[in-house]
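*Asks:* Dumping the structure here so I can ask a few things about it.
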Amino acid sequence: MEEYVETVKERESEAKLKDVNLDDWLPITSSRTAKWYYSAFHNVTAMVGAGVLGLPFAMSHLGWGPGMVEMHEMVPGKRFDRYHELGQHAFGKKLGLWIIVPQQLVVDVGTDIVYMVTGGQSLKKFHDLVCNGRCKDIRLTYFIMIFGSVHFLLSQMPNFNSISGVSAAAAVMSICYSMVAFFASVLHKHPAAVGAVDYGLKAATTAGHVFGALNALGAVAFAFAGHNVVLEIQATIPSTPEQPSKKPMWRGVMAAYGIVALCYFSVAFGGYYAFGNSVDPNILITLDKPRWLIALANLMVVVHVIGSYQVFAMPVFDMMETVLVKKLKFAPGLPLRLTARSAYVALTMLVGMTFPFFDGLLGFFGGFAFAPTTYFLPCIIWLMLRKPARYSLTWFLNWIFIAIGVALMLLSPIGGLRQIILDAKTFKFYS
């Protein structure tokens with residue numbers, strides 16, 4: 001961390017390296033030619049991730065009851081291309097790094113680990129559905145390795161704009177598998193042969209109710225959190241005084257939120273309506289008919305999380321390469337990129353293979369890291385920089401979100417950690 005603090009200071013004091021401008025090579029700032037719909041693809045891919053498939057499971061623990069974009073260019077002539085740069089402007093150069101960078105790293109790396117698990121589980125489900133008991137059982141570990149192998153190639157794409165095609169395919173797939181999950185759930189509920197669905201809370205004990213609800217809140221936080229990369233996405237859009245980047249970015253964000261609402265509410269309510277408290281942590285694991293359609297939906301999930309992995313990995317690549325070039329004096333180029341990014345993919349794949357606890361990981365990371373970076377840090381920064389009138393509607397709303405975010409951060413990791421411990425009791429490593 002100290003090295004990263006020093007590195008950022010050096011970046012500010014040195015406009016160029018000897019032979020190359022580093023910002024022209026780093027993945028976040030090397031290309032500023034994105035269209036508004038690129039930002040829509042990236043935002044949908046970032047937000048409609050593995051978390052949407054866990055929403056019915058979260059509902060089973062909760063029951064039925066319960067302007068980062070504007071700040072990207074808030075200083076005339078300056079763009080905050082990275083989350084930590086906005087944090088530095090609000091909290092100070094050193095404190096801003098310490099507040100933002102560890103949290104963002106946990107979010108991005110944790111999300112990529114979850115996506116490794118999701119991709120492997122979806123491939124295994126596809127295999128099992130297609131084989132229908134005729135094939136030899138293959139360990140989840142091998143499917144995670146198969147999924148991870150794709151990223152050794154895709155991780156060499158230089159910047160966000162270069163993965164826009166992958167992100168577009170991922171966004172389309174997210175809509176498709178969400179609709180499959182919704183309609184398959186609703187149709188599953190209709191036949192008279194289906195027994196009564198239990199909508200009682202999933203756990204049988206008071207402690208189970210409490211911890212399950214906390215884990216579920218973390219899963220919901222994970223599902224609704226995609227704002228951690230919004231500044232990095234906006235950095236790829238061209239900007240002039242007459243046409244600031246926030247205008248096309250807002251179009252992309254609004255389009256993304258419309259798609260997010262469609263996917264999330266349909267899957268959450270449809271899955272819980274159909275299966276009640278018997279739903280699995282991943283709704284597509286629960287569904288098995290029609291067999292061909294659910295198999296296809298699991299392949300759609302694989303395509304989507306391939307894109308999502310890359311969107312969350314890009315800020316990590318930017319940080320890694322900044323430190324390697326500025327602090328450790330490596331020459332920017334293909335050998336450095338190939339080595340550093342491949343090592344990152346291998347690390348996330350290894351951790352995902354070792355701890356493939358989908359539902360517990362959602363709850364733990366959702367509360368521990370997504371809650372701060374998504375729900376209350378942006379609100380704190382907004383209050384500090386925009387200074388809305390005290391007791392105004394904006395002031396009240398930001399403080400409400402801060403209170404909710406802090407509560408999520410403190411409570412939901414407890415439920416997520418407990419779920420991981422429960423899963424670990426019957427788990428064999430690399431099984």
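Every chain in the structure tokens has a letter given in the order shown (A, B, ...), and although residue numbers restart at 1 in each chain, ligands are simply numbered from 1 in the order shown.
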Could you give me, as an NGL selection string, the residues within 10 Å of Pro241 (chain A), counting only C-alpha atoms and dropping anything in the same chain fewer than 4 positions from it?
*Replies:* :A and (76-77 or 245)
*Asks:* Deliver the residues from the most recent selection as a file, using C-alpha atoms, as an mmCIF file, in the first residue's frame.
*Replies:*
```cif
data_model
loop_
_atom_site.group_PDB
_atom_site.id
_atom_site.type_symbol
_atom_site.label_atom_id
_atom_site.label_comp_id
_atom_site.auth_asym_id
_atom_site.auth_seq_id
_atom_site.Cartn_x
_atom_site.Cartn_y
_atom_site.Cartn_z
ATOM 1 C CA PRO A 76 -13.052 22.471 -14.517
ATOM 2 C CA GLY A 77 -10.319 21.118 -16.769
ATOM 3 C CA SER A 245 -18.560 13.147 -20.777
#
```
*Asks:* Please identify all polymer residues within 12 Å of Tyr142 (chain A), counting only C-alpha atoms, omitting same-chain residues fewer than 3 positions from it, and present them as JSON, numbers by chain.
*Replies:* {"A": [116, 117, 119, 120, 121, 123, 124, 127, 137, 138, 139, 145, 146, 147, 148, 149, 349, 350, 352, 353, 354, 430, 431]}
*Asks:* For each of A:Val166, A:Glu73, A:Lys136, A:Glu85, take the minimum atom-to-atom distance to Gln310 (chain A), counting only C-alpha atoms, then give the residue where this is smallest.
*Replies:*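 Among the listed residues, A:Val166 lies closest to Gln310 (chain A).
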*Asks:* Which is closest to Gln234 (chain A) among A:Trp399, A:Tyr38, A:Phe126, A:Phe330, if we use only C-alpha atoms?
*Replies:*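 Residue with the minimum atom-to-atom distance to Gln234 (chain A): A:Tyr38.
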*Asks:* Do a neighbour search on Arg32 (chain A) at 8 Å with only C-alpha atoms, toss out local chain neighbours closer than 2 positions, and write the hits as a list in words.
*Replies:*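 Listing them by chain and then by number gives Thr29, Ser30, Ala34, Ala235, Thr236, Ile237 and Pro238 of chain A.
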*Asks:* What's around region 400-407 of chain A at 9 Å? Count only C-alpha atoms, leave out sequence neighbours fewer than 6 positions away in its own chain, and write the answer as a PyMOL selection string.
*Replies:* chain A and resi 221+367+370-372+374-380
*Asks:* Pull all heavy atoms from the residues just selected and write them as an mmCIF file, in the first residue's frame.
*Replies:*
```
data_model
loop_
_atom_site.group_PDB
_atom_site.id
_atom_site.type_symbol
_atom_site.label_atom_id
_atom_site.label_comp_id
_atom_site.auth_asym_id
_atom_site.auth_seq_id
_atom_site.Cartn_x
_atom_site.Cartn_y
_atom_site.Cartn_z
ATOM 1 N N ALA A 221 -26.760 -6.483 -1.466
ATOM 2 C CA ALA A 221 -25.770 -5.424 -1.664
ATOM 3 C C ALA A 221 -24.840 -5.766 -2.815
ATOM 4 O O ALA A 221 -24.508 -4.919 -3.654
ATOM 5 C CB ALA A 221 -24.964 -5.207 -0.376
ATOM 6 N N GLY A 367 -21.217 -7.212 1.859
ATOM 7 C CA GLY A 367 -21.218 -6.327 3.010
ATOM 8 C C GLY A 367 -19.877 -5.687 3.283
ATOM 9 O O GLY A 367 -19.780 -4.489 3.527
ATOM 10 N N PHE A 370 -18.528 -4.047 -0.873
ATOM 11 C CA PHE A 370 -19.443 -3.356 -1.777
ATOM 12 C C PHE A 370 -20.235 -2.278 -1.062
ATOM 13 O O PHE A 370 -20.534 -1.237 -1.640
ATOM 14 C CB PHE A 370 -20.410 -4.358 -2.428
ATOM 15 C CG PHE A 370 -19.849 -5.024 -3.637
ATOM 16 C CD1 PHE A 370 -19.057 -6.151 -3.501
ATOM 17 C CD2 PHE A 370 -20.100 -4.542 -4.895
ATOM 18 C CE1 PHE A 370 -18.529 -6.791 -4.607
ATOM 19 C CE2 PHE A 370 -19.574 -5.168 -6.010
ATOM 20 C CZ PHE A 370 -18.786 -6.292 -5.874
ATOM 21 N N ALA A 371 -20.622 -2.528 0.186
ATOM 22 C CA ALA A 371 -21.403 -1.538 0.916
ATOM 23 C C ALA A 371 -20.664 -0.201 1.036
ATOM 24 O O ALA A 371 -21.238 0.855 0.739
ATOM 25 C CB ALA A 371 -21.790 -2.072 2.290
ATOM 26 N N PRO A 372 -19.384 -0.181 1.461
ATOM 27 C CA PRO A 372 -18.686 1.110 1.535
ATOM 28 C C PRO A 372 -18.509 1.783 0.178
ATOM 29 O O PRO A 372 -18.858 2.964 0.014
ATOM 30 C CB PRO A 372 -17.322 0.752 2.149
ATOM 31 C CG PRO A 372 -17.533 -0.542 2.825
ATOM 32 C CD PRO A 372 -18.563 -1.276 2.025
ATOM 33 N N THR A 374 -19.973 1.386 -2.672
ATOM 34 C CA THR A 374 -21.168 1.633 -3.474
ATOM 35 C C THR A 374 -22.186 2.496 -2.757
ATOM 36 O O THR A 374 -22.783 3.390 -3.361
ATOM 37 C CB THR A 374 -21.830 0.298 -3.859
ATOM 38 O OG1 THR A 374 -20.914 -0.464 -4.646
ATOM 39 C CG2 THR A 374 -23.099 0.523 -4.668
ATOM 40 N N TYR A 375 -22.384 2.270 -1.462
ATOM 41 C CA TYR A 375 -23.516 2.885 -0.787
ATOM 42 C C TYR A 375 -23.186 4.120 0.044
ATOM 43 O O TYR A 375 -23.989 5.046 0.086
ATOM 44 C CB TYR A 375 -24.226 1.844 0.088
ATOM 45 C CG TYR A 375 -24.843 0.741 -0.717
ATOM 46 C CD1 TYR A 375 -24.235 -0.506 -0.824
ATOM 47 C CD2 TYR A 375 -26.018 0.937 -1.428
ATOM 48 C CE1 TYR A 375 -24.782 -1.517 -1.583
ATOM 49 C CE2 TYR A 375 -26.576 -0.059 -2.199
ATOM 50 C CZ TYR A 375 -25.955 -1.291 -2.275
ATOM 51 O OH TYR A 375 -26.489 -2.277 -3.039
ATOM 52 N N PHE A 376 -22.052 4.145 0.746
ATOM 53 C CA PHE A 376 -21.884 5.328 1.588
ATOM 54 C C PHE A 376 -20.659 6.183 1.278
ATOM 55 O O PHE A 376 -20.697 7.398 1.509
ATOM 56 C CB PHE A 376 -21.946 4.978 3.081
ATOM 57 C CG PHE A 376 -20.826 4.160 3.637
ATOM 58 C CD1 PHE A 376 -19.638 4.750 4.026
ATOM 59 C CD2 PHE A 376 -20.984 2.801 3.829
ATOM 60 C CE1 PHE A 376 -18.621 3.992 4.584
ATOM 61 C CE2 PHE A 376 -19.986 2.039 4.390
ATOM 62 C CZ PHE A 376 -18.794 2.633 4.768
ATOM 63 N N LEU A 377 -19.588 5.641 0.728
ATOM 64 C CA LEU A 377 -18.461 6.506 0.388
ATOM 65 C C LEU A 377 -18.828 7.545 -0.688
ATOM 66 O O LEU A 377 -18.465 8.717 -0.559
ATOM 67 C CB LEU A 377 -17.261 5.673 -0.057
ATOM 68 C CG LEU A 377 -16.415 5.056 1.066
ATOM 69 C CD1 LEU A 377 -15.290 4.210 0.493
ATOM 70 C CD2 LEU A 377 -15.848 6.141 1.980
ATOM 71 N N PRO A 378 -19.542 7.153 -1.773
ATOM 72 C CA PRO A 378 -19.953 8.182 -2.742
ATOM 73 C C PRO A 378 -20.829 9.261 -2.099
ATOM 74 O O PRO A 378 -20.720 10.436 -2.462
ATOM 75 C CB PRO A 378 -20.738 7.387 -3.793
ATOM 76 C CG PRO A 378 -20.203 6.002 -3.705
ATOM 77 C CD PRO A 378 -19.907 5.800 -2.255
ATOM 78 N N CYS A 379 -21.683 8.875 -1.147
ATOM 79 C CA CYS A 379 -22.538 9.860 -0.480
ATOM 80 C C CYS A 379 -21.715 10.813 0.383
ATOM 81 O O CYS A 379 -21.974 12.024 0.425
ATOM 82 C CB CYS A 379 -23.582 9.146 0.378
ATOM 83 S SG CYS A 379 -24.751 8.157 -0.558
ATOM 84 N N ILE A 380 -20.725 10.252 1.085
ATOM 85 C CA ILE A 380 -19.856 11.101 1.910
ATOM 86 C C ILE A 380 -19.092 12.081 1.025
ATOM 87 O O ILE A 380 -18.983 13.275 1.334
ATOM 88 C CB ILE A 380 -18.890 10.231 2.731
ATOM 89 C CG1 ILE A 380 -19.661 9.436 3.788
ATOM 90 C CG2 ILE A 380 -17.809 11.092 3.387
ATOM 91 C CD1 ILE A 380 -18.812 8.426 4.538
#
```
*Asks:* Report as a PDB file with all heavy atoms, in the first residue's frame all protein, DNA and RNA residues lying within 12 Å of Pro332 (chain A), evaluated on only C-alpha atoms, omitting residues in the same chain fewer than 6 positions from it.
*Replies:*
```pdb
ATOM      1  N   LEU A  17       7.130   9.360 -18.964  1.00  0.00           N
ATOM      2  CA  LEU A  17       8.322   8.547 -18.808  1.00  0.00           C
ATOM      3  C   LEU A  17       9.317   8.985 -19.876  1.00  0.00           C
ATOM      4  O   LEU A  17       9.038   9.850 -20.702  1.00  0.00           O
ATOM      5  CB  LEU A  17       7.975   7.071 -18.990  1.00  0.00           C
ATOM      6  CG  LEU A  17       7.044   6.468 -17.938  1.00  0.00           C
ATOM      7  CD1 LEU A  17       6.707   5.042 -18.344  1.00  0.00           C
ATOM      8  CD2 LEU A  17       7.673   6.508 -16.577  1.00  0.00           C
ATOM      9  N   LYS A  18      10.481   8.374 -19.914  1.00  0.00           N
ATOM     10  CA  LYS A  18      11.499   8.773 -20.875  1.00  0.00           C
ATOM     11  C   LYS A  18      11.019   8.619 -22.303  1.00  0.00           C
ATOM     12  O   LYS A  18      11.230   9.488 -23.142  1.00  0.00           O
ATOM     13  CB  LYS A  18      12.773   7.944 -20.665  1.00  0.00           C
ATOM     14  CG  LYS A  18      13.483   8.247 -19.355  1.00  0.00           C
ATOM     15  CD  LYS A  18      14.745   7.403 -19.221  1.00  0.00           C
ATOM     16  CE  LYS A  18      15.461   7.724 -17.915  1.00  0.00           C
ATOM     17  NZ  LYS A  18      16.672   6.902 -17.738  1.00  0.00           N
ATOM     18  N   ASP A  19      10.421   7.500 -22.621  1.00  0.00           N
ATOM     19  CA  ASP A  19      10.065   7.234 -24.017  1.00  0.00           C
ATOM     20  C   ASP A  19       8.570   7.127 -24.260  1.00  0.00           C
ATOM     21  O   ASP A  19       8.137   7.029 -25.386  1.00  0.00           O
ATOM     22  CB  ASP A  19      10.729   5.936 -24.489  1.00  0.00           C
ATOM     23  CG  ASP A  19      12.227   5.996 -24.392  1.00  0.00           C
ATOM     24  OD1 ASP A  19      12.794   7.017 -24.800  1.00  0.00           O
ATOM     25  OD2 ASP A  19      12.812   5.015 -23.904  1.00  0.00           O
ATOM     26  N   VAL A  20       7.741   7.112 -23.200  1.00  0.00           N
ATOM     27  CA  VAL A  20       6.315   6.888 -23.411  1.00  0.00           C
ATOM     28  C   VAL A  20       5.524   7.585 -22.316  1.00  0.00           C
ATOM     29  O   VAL A  20       5.957   7.653 -21.178  1.00  0.00           O
ATOM     30  CB  VAL A  20       5.990   5.376 -23.414  1.00  0.00           C
ATOM     31  CG1 VAL A  20       6.259   4.744 -22.073  1.00  0.00           C
ATOM     32  CG2 VAL A  20       4.538   5.133 -23.820  1.00  0.00           C
ATOM     33  N   ASN A  21       4.361   8.133 -22.682  1.00  0.00           N
ATOM     34  CA  ASN A  21       3.447   8.689 -21.714  1.00  0.00           C
ATOM     35  C   ASN A  21       2.673   7.530 -21.103  1.00  0.00           C
ATOM     36  O   ASN A  21       1.950   6.818 -21.800  1.00  0.00           O
ATOM     37  CB  ASN A  21       2.484   9.664 -22.416  1.00  0.00           C
ATOM     38  CG  ASN A  21       1.596  10.393 -21.417  1.00  0.00           C
ATOM     39  OD1 ASN A  21       1.304   9.888 -20.337  1.00  0.00           O
ATOM     40  ND2 ASN A  21       1.165  11.581 -21.789  1.00  0.00           N
ATOM     41  N   LEU A  22       2.817   7.313 -19.810  1.00  0.00           N
ATOM     42  CA  LEU A  22       2.230   6.146 -19.165  1.00  0.00           C
ATOM     43  C   LEU A  22       0.716   6.116 -19.312  1.00  0.00           C
ATOM     44  O   LEU A  22       0.128   5.051 -19.497  1.00  0.00           O
ATOM     45  CB  LEU A  22       2.626   6.113 -17.687  1.00  0.00           C
ATOM     46  CG  LEU A  22       2.165   4.896 -16.883  1.00  0.00           C
ATOM     47  CD1 LEU A  22       2.668   3.614 -17.524  1.00  0.00           C
ATOM     48  CD2 LEU A  22       2.615   5.010 -15.443  1.00  0.00           C
ATOM     49  N   ASP A  23       0.057   7.278 -19.227  1.00  0.00           N
ATOM     50  CA  ASP A  23      -1.398   7.307 -19.360  1.00  0.00           C
ATOM     51  C   ASP A  23      -1.862   6.856 -20.738  1.00  0.00           C
ATOM     52  O   ASP A  23      -3.005   6.432 -20.899  1.00  0.00           O
ATOM     53  CB  ASP A  23      -1.928   8.715 -19.077  1.00  0.00           C
ATOM     54  CG  ASP A  23      -2.042   8.980 -17.577  1.00  0.00           C
ATOM     55  OD1 ASP A  23      -2.053   8.003 -16.813  1.00  0.00           O
ATOM     56  OD2 ASP A  23      -2.123  10.155 -17.181  1.00  0.00           O
ATOM     57  N   ASP A  24      -1.000   6.955 -21.732  1.00  0.00           N
ATOM     58  CA  ASP A  24      -1.358   6.470 -23.068  1.00  0.00           C
ATOM     59  C   ASP A  24      -1.228   4.956 -23.176  1.00  0.00           C
ATOM     60  O   ASP A  24      -1.622   4.369 -24.189  1.00  0.00           O
ATOM     61  CB  ASP A  24      -0.463   7.119 -24.133  1.00  0.00           C
ATOM     62  CG  ASP A  24      -0.772   8.603 -24.306  1.00  0.00           C
ATOM     63  OD1 ASP A  24      -1.878   9.014 -23.919  1.00  0.00           O
ATOM     64  OD2 ASP A  24       0.096   9.332 -24.814  1.00  0.00           O
ATOM     65  N   TRP A  25      -0.696   4.318 -22.147  1.00  0.00           N
ATOM     66  CA  TRP A  25      -0.514   2.863 -22.160  1.00  0.00           C
ATOM     67  C   TRP A  25      -1.400   2.160 -21.153  1.00  0.00           C
ATOM     68  O   TRP A  25      -1.865   1.047 -21.386  1.00  0.00           O
ATOM     69  CB  TRP A  25       0.956   2.536 -21.874  1.00  0.00           C
ATOM     70  CG  TRP A  25       1.274   1.072 -21.917  1.00  0.00           C
ATOM     71  CD1 TRP A  25       1.414   0.289 -23.028  1.00  0.00           C
ATOM     72  CD2 TRP A  25       1.477   0.201 -20.792  1.00  0.00           C
ATOM     73  NE1 TRP A  25       1.699  -1.022 -22.662  1.00  0.00           N
ATOM     74  CE2 TRP A  25       1.749  -1.100 -21.300  1.00  0.00           C
ATOM     75  CE3 TRP A  25       1.461   0.386 -19.412  1.00  0.00           C
ATOM     76  CZ2 TRP A  25       2.003  -2.183 -20.472  1.00  0.00           C
ATOM     77  CZ3 TRP A  25       1.712  -0.698 -18.588  1.00  0.00           C
ATOM     78  CH2 TRP A  25       1.982  -1.964 -19.120  1.00  0.00           C
ATOM     79  N   LEU A  26      -1.681   2.822 -20.002  1.00  0.00           N
ATOM     80  CA  LEU A  26      -2.490   2.192 -18.962  1.00  0.00           C
ATOM     81  C   LEU A  26      -3.916   1.951 -19.457  1.00  0.00           C
ATOM     82  O   LEU A  26      -4.448   2.734 -20.244  1.00  0.00           O
ATOM     83  CB  LEU A  26      -2.505   3.072 -17.712  1.00  0.00           C
ATOM     84  CG  LEU A  26      -1.189   3.136 -16.940  1.00  0.00           C
ATOM     85  CD1 LEU A  26      -1.268   4.182 -15.839  1.00  0.00           C
ATOM     86  CD2 LEU A  26      -0.837   1.770 -16.345  1.00  0.00           C
ATOM     87  N   PRO A  27      -4.550   0.872 -19.002  1.00  0.00           N
ATOM     88  CA  PRO A  27      -5.839   0.464 -19.574  1.00  0.00           C
ATOM     89  C   PRO A  27      -6.988   1.437 -19.353  1.00  0.00           C
ATOM     90  O   PRO A  27      -7.921   1.477 -20.151  1.00  0.00           O
ATOM     91  CB  PRO A  27      -6.122  -0.879 -18.882  1.00  0.00           C
ATOM     92  CG  PRO A  27      -5.279  -0.898 -17.665  1.00  0.00           C
ATOM     93  CD  PRO A  27      -4.054  -0.102 -18.005  1.00  0.00           C
ATOM     94  N   PRO A 158      -6.065  -4.573 -24.233  1.00  0.00           N
ATOM     95  CA  PRO A 158      -5.371  -3.454 -23.586  1.00  0.00           C
ATOM     96  C   PRO A 158      -6.225  -2.543 -22.716  1.00  0.00           C
ATOM     97  O   PRO A 158      -5.739  -2.010 -21.723  1.00  0.00           O
ATOM     98  CB  PRO A 158      -4.790  -2.664 -24.773  1.00  0.00           C
ATOM     99  CG  PRO A 158      -5.634  -3.059 -25.949  1.00  0.00           C
ATOM    100  CD  PRO A 158      -6.034  -4.477 -25.698  1.00  0.00           C
ATOM    101  N   ASP A 318      -4.851  -1.814 -14.109  1.00  0.00           N
ATOM    102  CA  ASP A 318      -4.346  -0.436 -14.131  1.00  0.00           C
ATOM    103  C   ASP A 318      -3.469  -0.158 -12.914  1.00  0.00           C
ATOM    104  O   ASP A 318      -2.387   0.429 -13.032  1.00  0.00           O
ATOM    105  CB  ASP A 318      -5.530   0.528 -14.175  1.00  0.00           C
ATOM    106  CG  ASP A 318      -5.099   1.975 -14.355  1.00  0.00           C
ATOM    107  OD1 ASP A 318      -4.810   2.369 -15.498  1.00  0.00           O
ATOM    108  OD2 ASP A 318      -5.045   2.708 -13.349  1.00  0.00           O
ATOM    109  N   MET A 320      -1.931  -2.439 -10.944  1.00  0.00           N
ATOM    110  CA  MET A 320      -0.742  -3.295 -10.994  1.00  0.00           C
ATOM    111  C   MET A 320       0.313  -2.723 -11.927  1.00  0.00           C
ATOM    112  O   MET A 320       1.500  -2.625 -11.575  1.00  0.00           O
ATOM    113  CB  MET A 320      -1.140  -4.700 -11.481  1.00  0.00           C
ATOM    114  CG  MET A 320      -1.947  -5.523 -10.500  1.00  0.00           C
ATOM    115  SD  MET A 320      -2.650  -7.006 -11.262  1.00  0.00           S
ATOM    116  CE  MET A 320      -1.209  -7.728 -12.040  1.00  0.00           C
ATOM    117  N   GLU A 321      -0.121  -2.341 -13.112  1.00  0.00           N
ATOM    118  CA  GLU A 321       0.835  -1.874 -14.110  1.00  0.00           C
ATOM    119  C   GLU A 321       1.416  -0.517 -13.751  1.00  0.00           C
ATOM    120  O   GLU A 321       2.571  -0.214 -14.080  1.00  0.00           O
ATOM    121  CB  GLU A 321       0.158  -1.859 -15.488  1.00  0.00           C
ATOM    122  CG  GLU A 321      -0.100  -3.279 -15.993  1.00  0.00           C
ATOM    123  CD  GLU A 321      -1.113  -3.357 -17.116  1.00  0.00           C
ATOM    124  OE1 GLU A 321      -1.533  -2.298 -17.632  1.00  0.00           O
ATOM    125  OE2 GLU A 321      -1.506  -4.491 -17.482  1.00  0.00           O
ATOM    126  N   THR A 322       0.621   0.303 -13.049  1.00  0.00           N
ATOM    127  CA  THR A 322       1.145   1.587 -12.576  1.00  0.00           C
ATOM    128  C   THR A 322       2.303   1.369 -11.602  1.00  0.00           C
ATOM    129  O   THR A 322       3.365   1.996 -11.706  1.00  0.00           O
ATOM    130  CB  THR A 322       0.034   2.397 -11.884  1.00  0.00           C
ATOM    131  OG1 THR A 322      -0.990   2.698 -12.831  1.00  0.00           O
ATOM    132  CG2 THR A 322       0.578   3.700 -11.316  1.00  0.00           C
ATOM    133  N   VAL A 323       2.098   0.465 -10.639  1.00  0.00           N
ATOM    134  CA  VAL A 323       3.140   0.186  -9.649  1.00  0.00           C
ATOM    135  C   VAL A 323       4.361  -0.438 -10.316  1.00  0.00           C
ATOM    136  O   VAL A 323       5.513  -0.051 -10.042  1.00  0.00           O
ATOM    137  CB  VAL A 323       2.595  -0.744  -8.547  1.00  0.00           C
ATOM    138  CG1 VAL A 323       3.729  -1.233  -7.655  1.00  0.00           C
ATOM    139  CG2 VAL A 323       1.543  -0.030  -7.720  1.00  0.00           C
ATOM    140  N   LEU A 324       4.146  -1.400 -11.207  1.00  0.00           N
ATOM    141  CA  LEU A 324       5.265  -2.097 -11.845  1.00  0.00           C
ATOM    142  C   LEU A 324       6.115  -1.162 -12.700  1.00  0.00           C
ATOM    143  O   LEU A 324       7.346  -1.284 -12.739  1.00  0.00           O
ATOM    144  CB  LEU A 324       4.731  -3.251 -12.704  1.00  0.00           C
ATOM    145  CG  LEU A 324       4.144  -4.440 -11.924  1.00  0.00           C
ATOM    146  CD1 LEU A 324       3.429  -5.400 -12.868  1.00  0.00           C
ATOM    147  CD2 LEU A 324       5.245  -5.173 -11.167  1.00  0.00           C
ATOM    148  N   VAL A 325       5.461  -0.224 -13.382  1.00  0.00           N
ATOM    149  CA  VAL A 325       6.207   0.681 -14.259  1.00  0.00           C
ATOM    150  C   VAL A 325       6.799   1.849 -13.490  1.00  0.00           C
ATOM    151  O   VAL A 325       7.986   2.174 -13.628  1.00  0.00           O
ATOM    152  CB  VAL A 325       5.300   1.191 -15.399  1.00  0.00           C
ATOM    153  CG1 VAL A 325       6.012   2.273 -16.217  1.00  0.00           C
ATOM    154  CG2 VAL A 325       4.889   0.043 -16.310  1.00  0.00           C
ATOM    155  N   LYS A 326       5.982   2.506 -12.646  1.00  0.00           N
ATOM    156  CA  LYS A 326       6.430   3.726 -11.981  1.00  0.00           C
ATOM    157  C   LYS A 326       7.343   3.463 -10.795  1.00  0.00           C
ATOM    158  O   LYS A 326       8.301   4.185 -10.562  1.00  0.00           O
ATOM    159  CB  LYS A 326       5.217   4.534 -11.517  1.00  0.00           C
ATOM    160  CG  LYS A 326       4.317   4.992 -12.641  1.00  0.00           C
ATOM    161  CD  LYS A 326       4.927   6.128 -13.441  1.00  0.00           C
ATOM    162  CE  LYS A 326       4.924   7.403 -12.651  1.00  0.00           C
ATOM    163  NZ  LYS A 326       5.441   8.548 -13.438  1.00  0.00           N
ATOM    164  N   LEU A 338       1.642  -9.446 -20.160  1.00  0.00           N
ATOM    165  CA  LEU A 338       1.375 -10.876 -20.215  1.00  0.00           C
ATOM    166  C   LEU A 338       1.645 -11.533 -18.868  1.00  0.00           C
ATOM    167  O   LEU A 338       0.839 -12.331 -18.363  1.00  0.00           O
ATOM    168  CB  LEU A 338       2.240 -11.523 -21.300  1.00  0.00           C
ATOM    169  CG  LEU A 338       2.100 -13.035 -21.484  1.00  0.00           C
ATOM    170  CD1 LEU A 338       0.687 -13.386 -21.929  1.00  0.00           C
ATOM    171  CD2 LEU A 338       3.127 -13.559 -22.489  1.00  0.00           C
ATOM    172  N   THR A 339       2.769 -11.184 -18.249  1.00  0.00           N
ATOM    173  CA  THR A 339       3.149 -11.793 -16.975  1.00  0.00           C
ATOM    174  C   THR A 339       2.240 -11.357 -15.837  1.00  0.00           C
ATOM    175  O   THR A 339       1.718 -12.190 -15.078  1.00  0.00           O
ATOM    176  CB  THR A 339       4.610 -11.428 -16.637  1.00  0.00           C
ATOM    177  OG1 THR A 339       5.464 -11.824 -17.708  1.00  0.00           O
ATOM    178  CG2 THR A 339       5.041 -12.120 -15.346  1.00  0.00           C
ATOM    179  N   ALA A 340       2.025 -10.036 -15.705  1.00  0.00           N
ATOM    180  CA  ALA A 340       1.260  -9.508 -14.575  1.00  0.00           C
ATOM    181  C   ALA A 340      -0.197  -9.949 -14.632  1.00  0.00           C
ATOM    182  O   ALA A 340      -0.765 -10.413 -13.623  1.00  0.00           O
ATOM    183  CB  ALA A 340       1.350  -7.988 -14.559  1.00  0.00           C
TER     184      ALA A 340
END
```
*Asks:* Report the residues of region 76-153 of chain A whose backbone DSSP state falls under helix (DSSP H, G or I), written as an NGL selection string.
*Replies:* :A and (83-91 or 93-131 or 140-153)
*Asks:* Select from region 272-370 of chain A every residue with an atom at most 12 Å from any atom of region 257-266 of chain A, then for each give the shortest pair of atoms and their distance in Å to one decimal, using only C-alpha atoms, rows by chain and rising number, as a Markdown table.
*Replies:*
```
| residue | atom | partner | partner_atom | distance |
| --- | --- | --- | --- | --- |
| A:Tyr272 | CA | A:Ser266 | CA | 10.0 |
| A:Tyr273 | CA | A:Ser266 | CA | 10.3 |
| A:Ala274 | CA | A:Ser266 | CA | 11.7 |
```
*Asks:* Which polymer residues have any atom within 7 Å of an atom of His84 (chain A), counting only C-alpha atoms, with same-chain residues fewer than 5 positions away left out, as a list in words?
*Replies:*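 Answer for this query is Gly96, Leu97, Ile100 and Val101 of chain A.
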*Asks:* Which value, in Å to one decimal, gives the distance between CA of Ser39 (chain A) and CA of Ile163 (chain A)?
*Replies:*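 Spanning CA of Ser39 (chain A) to CA of Ile163 (chain A) is a straight-line distance of 11.6 Å.
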*Asks:* Let me make sure I understand: among A:His151, A:Lys35, A:Lys246, A:Arg291, which one has the smallest atom-to-atom distance to Tyr309 (chain A) if we use only C-alpha atoms?
*Replies:* A:His151
